[in-house]
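Single-structure report; data block below.
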Amino acid sequence: MAARAFWSGRIRLALVSIPVEIVPATKTAARISFHQIHEPSGKRIRYEKVVPGIGPVDTDDIVKGYEVEKGRYVLLTDDEIADVKLEAKKTVDLVQFVDADAIDPIYFERPYYVLPQDEDEDGVEAYAVLRDALKETKKIGLGQIVVRGQGSIVAVKPCGKGLMMETLRFADEVKKANSTFEGIPAKKPEKDLIELAEELIEKKAGEFHPEQFKDKYTVALRELIEAKQEHRKPREIEETPAASNVINLMDALKRSVKGGAAAKNEPPTKRSAPRRAKKPRAAKAKRKTRSARKAA
């Protein structure tokens, strides 16, 4: 089933206008969500929209309001907001191109797939031209978009046979790292500690395969839910052992490089007891003769 378009419009590159639609590139259906339930009755709790001193109100009487000072609002209807004329509501104008790795990851917010509108053959061709040009130049295009009452910067980049659009945060939405980290001591760690950490990183280095990472928390929650339905005890979910406090950083790093703390505490391999040398048969025969004489 084709995904429902989140936005339809055009991507514009100078005088070239490409009709497109975007669909979400992520899904949350696999996640578990909870509702608040009234335990005695087992029914879901609902919330009424109320005004203090008035009580419940009709949905038709609700409008959006922007607080200009404490308790004082400028009221706006949905129609008034929709009538705001802004080209970014219909067109993403690519106004700048930057290197693919030029943007700090903290600015990226949410990914979408960009699809060409099939009914326009010229548009499909222009779509492919933009995709291949971005691949060849290793650049991403920047523009702005307005979707559902929210404006965002967007980055358009090639993605396999198509294009991807990622919304970006504005500068005033991102906290400055310098002020956030100013309380961290500036003391530089010892060189041999860094070298051990580098060795551990190299040992665990590899390509990113997202399918190798499983949402163990969701798996454990599903098991808990199924166990309660079946009136049984939940099965234990295999997980990484809990981390212990670091007592000696050097020792912890060395053990990690060697394969973890478990290797140090591993019981010694059992050795088989040495075999006793067999006595000659002649000596055994002499013992039997002596025993017979005593019995006589």
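Quick note on naming: the chains in the structure tokens go A, B, ... in the order shown, residues restart at 1 in each chain, and ligands are numbered from 1 in order of appearance.
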
Quick one: residues within 12 Å of Arg222 (chain A), only C-alpha atoms, excluding same-chain residues fewer than 2 positions away - as a PyMOL selection string? chain A and resi 30-34+215-220+224-229+234-237

With C-alpha atoms retained, write the just-selected residues as a compact mmCIF listing (two decimals), in the first residue's frame.
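Just written: result_12.txt:
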```txt
# COMPACT_ATOMS: atom_id res chain seq x y z
CA ALA A 30 6.45 -1.21 15.89
CA ARG A 31 6.71 0.83 19.10
CA ILE A 32 4.44 0.12 22.04
CA SER A 33 2.25 2.96 23.31
CA PHE A 34 0.10 3.00 26.41
CA ASP A 215 14.74 -2.85 20.25
CA LYS A 216 15.12 -5.09 23.29
CA TYR A 217 12.95 -2.85 25.44
CA THR A 218 9.97 -3.21 23.09
CA VAL A 219 10.59 -6.97 22.87
CA ALA A 220 10.58 -7.18 26.67
CA LEU A 224 5.33 -8.86 29.51
CA ILE A 225 1.99 -8.06 27.80
CA GLU A 226 1.69 -11.57 26.33
CA ALA A 227 2.61 -13.16 29.66
CA LYS A 228 -0.13 -11.19 31.46
CA GLN A 229 -2.64 -12.23 28.80
CA PRO A 234 7.46 -13.46 31.61
CA ARG A 235 10.45 -15.08 29.98
CA GLU A 236 13.78 -13.37 30.55
CA ILE A 237 15.07 -11.39 27.58
```

Residues near Glu125 (chain A), anyone? I mean within 12 Å using only C-alpha atoms, not counting same-chain ones fewer than 2 positions away, as a list in words.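 What passes the distance filter is Val16, Ser17, Ile18, Pro19, Val20, Pro116, Gln117, Asp118, Glu119, Asp120, Glu121, Asp122, Gly123, Tyr127, Ala128, Val129, Leu130, Arg131, Asp132 and Gly162 of chain A.
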
So that I can see what lies close to Asp61 (chain A), please list as a list in words the residues with an atom at most 12 Å from it, counting only C-alpha atoms and leaving out residues fewer than 4 positions away in the same chain.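 Residues meeting the cut-off are Lys49, Val50, Val51, Pro56, Val57, Leu75 and Thr77 of chain A.
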
Which of region 90-257 of chain A end up as strand (DSSP E or B) when DSSP is run on this backbone - answer as a PyMOL selection string? chain A and resi 91-93+96-99+108-116+139-147+150-159+162-168

Neighbour list for region 63-65 of chain A as number ranges by chain, cut-off 12 Å, only C-alpha atoms, skip fewer than 3 positions in-chain: A: 57-60, 68-69, 71-81, 149

Write out as a PyMOL selection string all residues of region 149-210 of chain A that backbone DSSP assigns to helix (DSSP H, G or I). chain A and resi 171-173+177-180+191-203+210
